[in-house]
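Listing of upload.txt; format and content: compact mmCIF, C-alpha atoms and all ligand atoms.
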```txt
# COMPACT_ATOMS: atom_id res chain seq x y z
CA MET A 1 16.67 132.62 63.78
CA PRO A 2 15.26 133.98 67.09
CA LEU A 3 15.62 131.63 70.00
CA GLN A 4 12.40 129.77 70.79
CA PRO A 5 11.28 130.79 74.32
CA ALA A 6 9.63 127.40 74.89
CA LEU A 7 12.93 125.57 74.31
CA LEU A 8 14.79 127.99 76.56
CA GLU A 9 12.20 127.47 79.32
CA GLN A 10 12.45 123.68 78.90
CA ALA A 11 16.24 123.84 79.25
CA ALA A 12 15.97 126.16 82.29
CA ALA A 13 13.54 123.75 83.99
CA ARG A 14 15.98 120.86 83.46
CA LEU A 15 18.78 122.91 85.04
CA ARG A 16 16.59 123.88 88.00
CA ALA A 17 15.81 120.22 88.68
CA ALA A 18 19.41 119.04 88.25
CA GLN A 19 21.59 117.72 91.07
CA ARG A 20 24.81 117.52 89.02
CA VAL A 21 25.57 119.44 85.85
CA VAL A 22 28.40 118.94 83.37
CA VAL A 23 29.24 121.71 80.90
CA PHE A 24 31.25 120.30 77.98
CA THR A 25 32.81 123.04 75.87
CA GLY A 26 34.72 123.38 72.61
CA ALA A 27 36.30 126.17 70.62
CA GLY A 28 32.88 127.82 69.99
CA VAL A 29 32.56 128.96 73.63
CA SER A 30 35.67 131.12 73.16
CA ALA A 31 34.78 132.43 69.69
CA GLU A 32 33.22 135.58 71.19
CA SER A 33 36.47 136.20 73.08
CA GLY A 34 38.14 136.59 69.69
CA ILE A 35 39.71 133.11 69.49
CA PRO A 36 38.71 131.61 66.14
CA THR A 37 37.51 128.02 66.03
CA PHE A 38 39.68 125.94 63.71
CA ARG A 39 36.73 124.74 61.64
CA ASP A 40 35.02 128.15 61.27
CA ALA A 41 38.23 130.18 60.71
CA ASP A 42 38.56 130.57 56.97
CA GLY A 43 40.50 127.58 55.76
CA PHE A 44 42.67 127.26 58.90
CA TRP A 45 43.43 123.60 58.21
CA GLN A 46 44.03 124.42 54.50
CA ARG A 47 46.58 127.05 55.49
CA PHE A 48 48.13 124.81 58.14
CA PRO A 49 47.58 121.16 57.09
CA PRO A 50 47.01 118.93 60.17
CA GLU A 51 49.65 116.41 59.08
CA ARG A 52 52.31 119.15 59.45
CA PHE A 53 50.84 121.18 62.31
CA ALA A 54 48.63 118.96 64.49
CA TYR A 55 51.20 116.26 65.45
CA TRP A 56 54.44 116.81 67.42
CA GLU A 57 56.41 114.89 64.74
CA GLY A 58 54.97 117.14 62.00
CA LEU A 59 55.74 120.26 64.01
CA ILE A 60 59.36 119.22 64.57
CA ARG A 61 59.77 118.40 60.86
CA THR A 62 58.24 121.77 59.91
CA ALA A 63 60.56 123.55 62.38
CA LEU A 64 63.60 121.91 60.78
CA ARG A 65 62.56 122.39 57.13
CA ARG A 66 60.39 125.52 57.13
CA PRO A 67 60.86 127.49 60.37
CA GLY A 68 59.08 130.51 58.85
CA GLU A 69 55.87 128.50 58.42
CA LEU A 70 56.01 127.21 61.98
CA ALA A 71 56.48 130.78 63.24
CA GLU A 72 53.42 131.86 61.22
CA PHE A 73 51.33 128.98 62.66
CA LEU A 74 52.39 129.60 66.26
CA HIS A 75 51.63 133.29 65.91
CA ALA A 76 48.17 132.56 64.45
CA VAL A 77 47.33 130.21 67.35
CA LEU A 78 48.97 132.08 70.22
CA GLU A 79 48.10 135.71 69.57
CA PRO A 80 44.31 135.45 70.08
CA ILE A 81 44.84 133.40 73.27
CA ALA A 82 47.43 135.88 74.58
CA THR A 83 44.99 138.79 74.36
CA ALA A 84 41.68 137.05 75.18
CA THR A 85 39.42 137.70 78.17
CA PRO A 86 36.38 135.63 79.25
CA ASN A 87 33.11 136.43 77.48
CA ALA A 88 29.49 136.36 78.68
CA ALA A 89 29.28 132.59 78.10
CA HIS A 90 32.30 131.76 80.30
CA ARG A 91 30.93 134.08 82.99
CA ALA A 92 27.43 132.52 82.87
CA ILE A 93 28.95 129.03 83.24
CA ALA A 94 30.88 130.21 86.32
CA ARG A 95 27.64 131.77 87.71
CA LEU A 96 25.73 128.51 87.18
CA ALA A 97 28.01 126.84 89.74
CA VAL A 98 26.64 129.16 92.44
CA HIS A 99 23.28 127.37 92.12
CA VAL A 100 24.11 123.75 91.29
CA PRO A 101 27.29 121.61 91.39
CA VAL A 102 28.97 122.06 88.00
CA LYS A 103 31.96 120.34 86.43
CA VAL A 104 33.35 122.05 83.35
CA ILE A 105 34.98 119.73 80.81
CA THR A 106 36.75 121.68 78.11
CA GLN A 107 38.60 120.80 74.92
CA ASN A 108 40.02 124.32 74.91
CA VAL A 109 43.55 125.23 75.90
CA ASP A 110 42.90 128.94 76.53
CA ARG A 111 42.23 128.93 80.31
CA LEU A 112 39.24 131.27 79.94
CA HIS A 113 36.91 129.17 82.13
CA GLN A 114 39.32 129.51 85.06
CA ASP A 115 39.72 133.24 84.40
CA ALA A 116 35.92 133.60 84.49
CA GLY A 117 35.84 131.96 87.93
CA SER A 118 35.00 128.32 87.20
CA ARG A 119 36.76 126.17 89.82
CA GLU A 120 36.35 122.58 88.67
CA VAL A 121 37.68 122.52 85.12
CA ARG A 122 38.89 119.37 83.36
CA GLU A 123 41.23 120.36 80.52
CA VAL A 124 41.09 117.17 78.47
CA HIS A 125 43.29 118.58 75.68
CA GLY A 126 45.77 120.15 78.10
CA SER A 127 46.78 123.78 78.33
CA PHE A 128 49.06 126.28 76.64
CA PHE A 129 49.92 127.74 80.04
CA GLU A 130 51.76 124.82 81.64
CA ILE A 131 55.22 123.79 80.51
CA VAL A 132 56.04 120.13 81.05
CA ASP A 133 59.03 117.85 80.65
CA ARG A 134 59.20 114.56 78.76
CA LYS A 135 57.36 112.77 81.56
CA ARG A 136 54.65 115.43 81.58
CA ARG A 137 55.80 116.82 84.95
CA ILE A 138 54.92 120.50 85.23
CA LEU A 139 58.08 122.64 85.17
CA ARG A 140 56.50 126.12 85.22
CA GLU A 141 53.40 128.15 84.39
CA LEU A 142 53.16 130.86 81.77
CA SER A 143 50.93 133.94 81.94
CA ARG A 144 49.00 135.59 79.12
CA ALA A 145 51.68 138.32 79.19
CA ASP A 146 54.35 135.64 78.60
CA LEU A 147 52.40 134.40 75.56
CA ALA A 148 52.11 137.99 74.28
CA THR A 149 55.88 138.43 74.62
CA ILE A 150 56.47 135.23 72.62
CA CYS A 151 54.14 136.58 69.90
CA GLU A 152 56.09 139.86 69.74
CA ARG A 153 59.36 137.94 69.44
CA LEU A 154 57.89 135.73 66.71
CA GLU A 155 56.69 138.84 64.88
CA ARG A 156 60.17 140.40 65.03
CA ALA A 157 61.87 137.13 64.03
CA ARG A 158 59.59 136.81 61.00
CA GLN A 159 60.72 140.18 59.68
CA GLY A 160 64.16 138.85 58.68
CA SER A 161 64.98 135.61 56.95
CA LEU A 162 63.97 133.16 59.65
CA ARG A 163 66.33 130.32 60.44
CA LEU A 164 65.86 127.64 63.09
CA PRO A 165 68.10 129.19 65.81
CA ARG A 166 66.14 132.44 65.61
CA LEU A 167 62.83 130.61 65.84
CA LEU A 168 64.04 128.61 68.84
CA ALA A 169 65.22 131.78 70.58
CA ALA A 170 61.83 133.41 70.01
CA ILE A 171 59.90 130.51 71.52
CA ARG A 172 62.38 129.63 74.29
CA PRO A 173 59.87 130.11 77.19
CA LEU A 174 57.41 127.79 75.39
CA CYS A 175 59.52 124.90 74.19
CA GLY A 176 63.09 123.86 73.66
CA LEU A 177 65.87 121.66 74.88
CA ALA A 178 67.25 121.88 78.43
CA LEU A 179 69.65 119.76 80.46
CA ARG A 180 66.81 117.42 81.43
CA GLY A 181 65.54 117.03 77.85
CA ILE A 182 62.77 118.57 75.77
CA TYR A 183 60.24 120.88 77.46
CA LYS A 184 56.97 122.00 75.81
CA PRO A 185 53.39 123.10 76.59
CA ARG A 186 51.09 120.49 78.15
CA LEU A 187 49.08 120.12 74.94
CA VAL A 188 47.32 117.07 73.57
CA LEU A 189 47.91 117.00 69.83
CA PHE A 190 46.48 114.52 67.33
CA GLY A 191 47.34 110.88 68.01
CA MET A 192 48.06 111.45 71.72
CA GLN A 193 46.25 110.14 74.78
CA LEU A 194 44.04 112.71 76.48
CA ALA A 195 45.36 114.60 79.50
CA GLU A 196 45.21 112.76 82.81
CA PRO A 197 43.78 112.80 85.43
CA ASP A 198 41.37 115.15 83.64
CA TRP A 199 40.04 112.62 81.11
CA THR A 200 39.29 109.91 83.69
CA GLN A 201 37.56 112.49 85.89
CA ALA A 202 35.64 113.88 82.90
CA GLN A 203 34.20 110.46 82.07
CA ALA A 204 33.19 109.85 85.70
CA ASP A 205 31.63 113.35 85.98
CA THR A 206 29.65 112.77 82.78
CA ALA A 207 28.39 109.34 83.84
CA GLN A 208 27.06 110.86 87.08
CA ALA A 209 25.54 114.05 85.65
CA ASP A 210 21.81 114.49 85.20
CA VAL A 211 22.16 117.42 82.80
CA VAL A 212 24.98 117.84 80.26
CA LEU A 213 25.22 121.20 78.51
CA ILE A 214 27.31 120.94 75.32
CA VAL A 215 28.57 124.30 74.13
CA GLY A 216 30.35 125.19 70.89
CA THR A 217 31.84 121.90 69.79
CA SER A 218 31.42 120.14 66.47
CA GLY A 219 31.93 116.81 68.27
CA LEU A 220 34.36 115.56 65.64
CA ILE A 221 37.44 115.11 67.80
CA PHE A 222 37.58 111.70 69.49
CA PRO A 223 37.76 110.43 72.16
CA ALA A 224 36.38 113.64 73.74
CA ALA A 225 33.39 113.38 71.39
CA ASN A 226 32.40 110.18 73.23
CA LEU A 227 31.23 112.14 76.27
CA PRO A 228 27.66 112.67 74.92
CA ASN A 229 27.36 108.88 74.52
CA ILE A 230 28.51 108.36 78.11
CA ALA A 231 25.93 110.96 79.20
CA ARG A 232 23.12 109.20 77.30
CA ARG A 233 24.05 105.82 78.74
CA GLY A 234 23.94 107.40 82.23
CA GLY A 235 20.45 108.77 81.55
CA ALA A 236 21.45 112.47 81.50
CA SER A 237 19.46 114.99 79.56
CA ILE A 238 21.57 116.76 76.93
CA ILE A 239 21.24 120.39 75.86
CA HIS A 240 23.32 121.79 72.97
CA ILE A 241 24.14 125.46 72.51
CA ASP A 242 25.57 126.05 69.03
CA PRO A 243 24.63 127.94 65.85
CA LEU A 244 24.85 124.60 64.00
CA ASP A 245 22.31 121.81 64.38
CA PRO A 246 23.81 118.88 66.35
CA GLY A 247 21.06 116.57 65.03
CA PRO A 248 18.52 114.56 67.07
CA PRO A 249 17.80 113.42 69.74
CA ASP A 250 18.91 116.20 72.13
CA LEU A 251 17.49 119.62 72.95
CA TRP A 252 19.13 122.29 70.77
CA LEU A 253 19.33 125.99 71.64
CA GLU A 254 20.36 127.53 68.35
CA GLY A 255 22.72 130.49 68.45
CA ARG A 256 25.79 132.06 70.04
CA ALA A 257 26.85 130.90 73.49
CA GLY A 258 27.43 134.49 74.66
CA ALA A 259 23.82 135.39 73.84
CA ILE A 260 22.10 132.22 75.10
CA LEU A 261 23.94 131.14 78.27
CA PRO A 262 23.37 134.33 80.31
CA LYS A 263 19.63 134.19 79.44
CA LEU A 264 19.42 130.50 80.30
CA VAL A 265 21.11 130.87 83.70
CA GLU A 266 18.97 133.91 84.53
CA LEU A 267 15.77 132.11 83.53
CA ALA A 268 16.71 129.06 85.61
CA PHE A 269 17.92 130.78 88.77
CA GLY A 270 16.97 134.47 88.55
CA LYS A 271 19.11 137.57 88.21
CA GLU A 272 22.53 137.62 89.88
P1 LIG B 301 35.34 123.05 66.20
O1 LIG B 301 36.13 124.17 65.60
O2 LIG B 301 35.38 121.72 65.57
O3 LIG B 301 33.78 123.45 66.28
C1 LIG B 301 33.40 124.70 66.79
C2 LIG B 301 31.92 124.66 67.08
O4 LIG B 301 31.59 125.89 67.70
C3 LIG B 301 31.06 124.53 65.81
O5 LIG B 301 30.03 123.58 66.06
C4 LIG B 301 30.48 125.95 65.65
O6 LIG B 301 29.20 125.94 65.07
C5 LIG B 301 30.42 126.40 67.11
N1 LIG B 301 30.41 127.85 67.32
C6 LIG B 301 31.03 128.81 66.61
N2 LIG B 301 30.80 130.02 67.16
C7 LIG B 301 30.03 129.79 68.27
C8 LIG B 301 29.47 130.63 69.27
N3 LIG B 301 29.66 131.97 69.26
N4 LIG B 301 28.74 130.07 70.25
C9 LIG B 301 28.53 128.73 70.28
N5 LIG B 301 29.03 127.88 69.37
C10 LIG B 301 29.79 128.41 68.37
O7 LIG B 301 35.79 123.02 67.72
P2 LIG B 301 36.00 121.79 68.67
O8 LIG B 301 34.86 120.84 68.54
O9 LIG B 301 36.29 122.38 70.01
O10 LIG B 301 37.31 121.05 68.10
C11 LIG B 301 38.47 121.77 67.74
C12 LIG B 301 39.73 121.36 68.48
O11 LIG B 301 40.67 122.44 68.40
C13 LIG B 301 39.48 121.12 69.95
O12 LIG B 301 40.37 120.17 70.40
C14 LIG B 301 39.84 122.46 70.57
O13 LIG B 301 40.43 122.29 71.83
C15 LIG B 301 40.92 123.04 69.66
N6 LIG B 301 40.78 124.52 69.60
C16 LIG B 301 40.81 125.21 70.79
C17 LIG B 301 40.63 126.57 70.78
C18 LIG B 301 40.66 127.29 72.11
O14 LIG B 301 41.35 126.83 73.05
N7 LIG B 301 39.92 128.39 72.27
C19 LIG B 301 40.42 127.26 69.58
C20 LIG B 301 40.42 126.53 68.37
C21 LIG B 301 40.60 125.14 68.41
```
Rewrite the structure from the file as structure tokens, please.
Ligand code: NAD
Amino acid sequence: MPLQPALLEQAAARLRAAQRVVVFTGAGVSAESGIPTFRDADGFWQRFPPERFAYWEGLIRTALRRPGELAEFLHAVLEPIATATPNAAHRAIARLAVHVPVKVITQNVDRLHQDAGSREVREVHGSFFEIVDRKRRILRELSRADLATICERLERARQGSLRLPRLLAAIRPLCGLALRGIYKPRLVLFGMQLAEPDWTQAQADTAQADVVLIVGTSGLIFPAANLPNIARRGGASIIHIDPLDPGPPDLWLEGRAGAILPKLVELAFGKE
């Protein structure tokens, strides 16, 4: 359906009048960078059931019993992130911050907001690019090239009969056992507390915002999905950008983030 100009103008006027904006993003903002959302990707959770792939305990059990399946899952998740670049939506969000103070709160672990130039990014579900120890102290950072190398190794390992030692060798930069214990990416999987200090900051940012733009999230994953409620309680006006209807009472711009966000920012603040 074509975007209604009146709604776009209404959203642009709210942004122009705003003193503090929060942009809350989910997997949909990165879909046009080639990273599939879990819910839209054909049967992702059917192929990789959450009880075996969305909890650390399940992942460890899968590694021990079916290393080939874990290699397949890691490859499916890592490869699109390893090769992704920011799309027009990430760039428009970074441009918005030139005109009004913006805090980006993302559920994504792909680092594309930072690559697009956004400075204040709260990664409430962590990141694939930081390797932490048991106490969540950062040990080192990975690059996209490092992730691509891990994918190539996984691909090669999957060609033979894959046993645990081969899998562990392939993913050594990402996770494993060292002298000081287990190391792994700083990711928030199901059943874990959200990443700190990002989550505390995200709630404070949202409570203080006068406009909250929600982009490409189904709002099903709690507690992050509480942010719109915090925004409403704080009196913020909420604008959704998503092909799917979020339901009343907020303003909904229907469609792809990469098509709508550049138009919205241009309408609000003029051409770059
Ligand atoms: P989700 O998969 O539950 O929902 C995706 C939403 O994006 C849907 O509402 C869909 O309609 C919308 N969407 C799809 N294409 C879009 C587009 N081009 N423009 C705008 N919207 C679009 O995603 P979620 O709510 O973020 O929850 C999934 C969880 O999995 C999150 O924790 C997320 O971090 C994680 N995840 C992250 C990535 C990533 O880092 N890129 C990718 C997949 C999943």
- Task: To one decimal in Å, tell me the separation between CA of Ile260 in chain A and atom O1 of ligand LIG 301 (chain B).
- Result: 18.8 Å
For ligand LIG 301 (chain B), return the neighbouring residues as a short mmCIF file (atom, residue, chain, number, x, y, z; two decimals) with C-alpha atoms, in the coordinates of the input (distance at most 8 Å; all atoms listed in the file).
```
data_model
loop_
_atom_site.label_atom_id
_atom_site.label_comp_id
_atom_site.auth_asym_id
_atom_site.auth_seq_id
_atom_site.Cartn_x
_atom_site.Cartn_y
_atom_site.Cartn_z
CA THR A 25 32.81 123.04 75.87
CA GLY A 26 34.72 123.38 72.61
CA ALA A 27 36.30 126.17 70.62
CA GLY A 28 32.88 127.82 69.99
CA VAL A 29 32.56 128.96 73.63
CA SER A 30 35.67 131.12 73.16
CA ALA A 31 34.78 132.43 69.69
CA GLU A 32 33.22 135.58 71.19
CA ILE A 35 39.71 133.11 69.49
CA PRO A 36 38.71 131.61 66.14
CA THR A 37 37.51 128.02 66.03
CA PHE A 38 39.68 125.94 63.71
CA ARG A 39 36.73 124.74 61.64
CA ASP A 40 35.02 128.15 61.27
CA VAL A 77 47.33 130.21 67.35
CA ILE A 81 44.84 133.40 73.27
CA THR A 106 36.75 121.68 78.11
CA GLN A 107 38.60 120.80 74.92
CA ASN A 108 40.02 124.32 74.91
CA VAL A 109 43.55 125.23 75.90
CA ASP A 110 42.90 128.94 76.53
CA ARG A 111 42.23 128.93 80.31
CA HIS A 125 43.29 118.58 75.68
CA VAL A 215 28.57 124.30 74.13
CA GLY A 216 30.35 125.19 70.89
CA THR A 217 31.84 121.90 69.79
CA SER A 218 31.42 120.14 66.47
CA GLY A 219 31.93 116.81 68.27
CA LEU A 220 34.36 115.56 65.64
CA ILE A 221 37.44 115.11 67.80
CA ILE A 241 24.14 125.46 72.51
CA ASP A 242 25.57 126.05 69.03
CA PRO A 243 24.63 127.94 65.85
CA LEU A 244 24.85 124.60 64.00
CA PRO A 246 23.81 118.88 66.35
CA GLY A 255 22.72 130.49 68.45
CA ARG A 256 25.79 132.06 70.04
CA ALA A 257 26.85 130.90 73.49
CA GLY A 258 27.43 134.49 74.66
#
```
- Item | Among listed residues A:Arg158, A:Gly117, A:Leu164, A:Trp45, nearest Arg61 in chain A (using only C-alpha atoms) | A:Leu164
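The interatomic distance for the pair CA of Arg91 in chain A and CA of Val23 in chain A works out to 12.7 Å.
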- Among listed residues A:Gly176, A:Gly270, A:Pro197, A:Gly160, nearest Glu123 in chain A (using only C-alpha atoms):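 Of the candidates, the smallest distance to Glu123 in chain A is held by A:Pro197.
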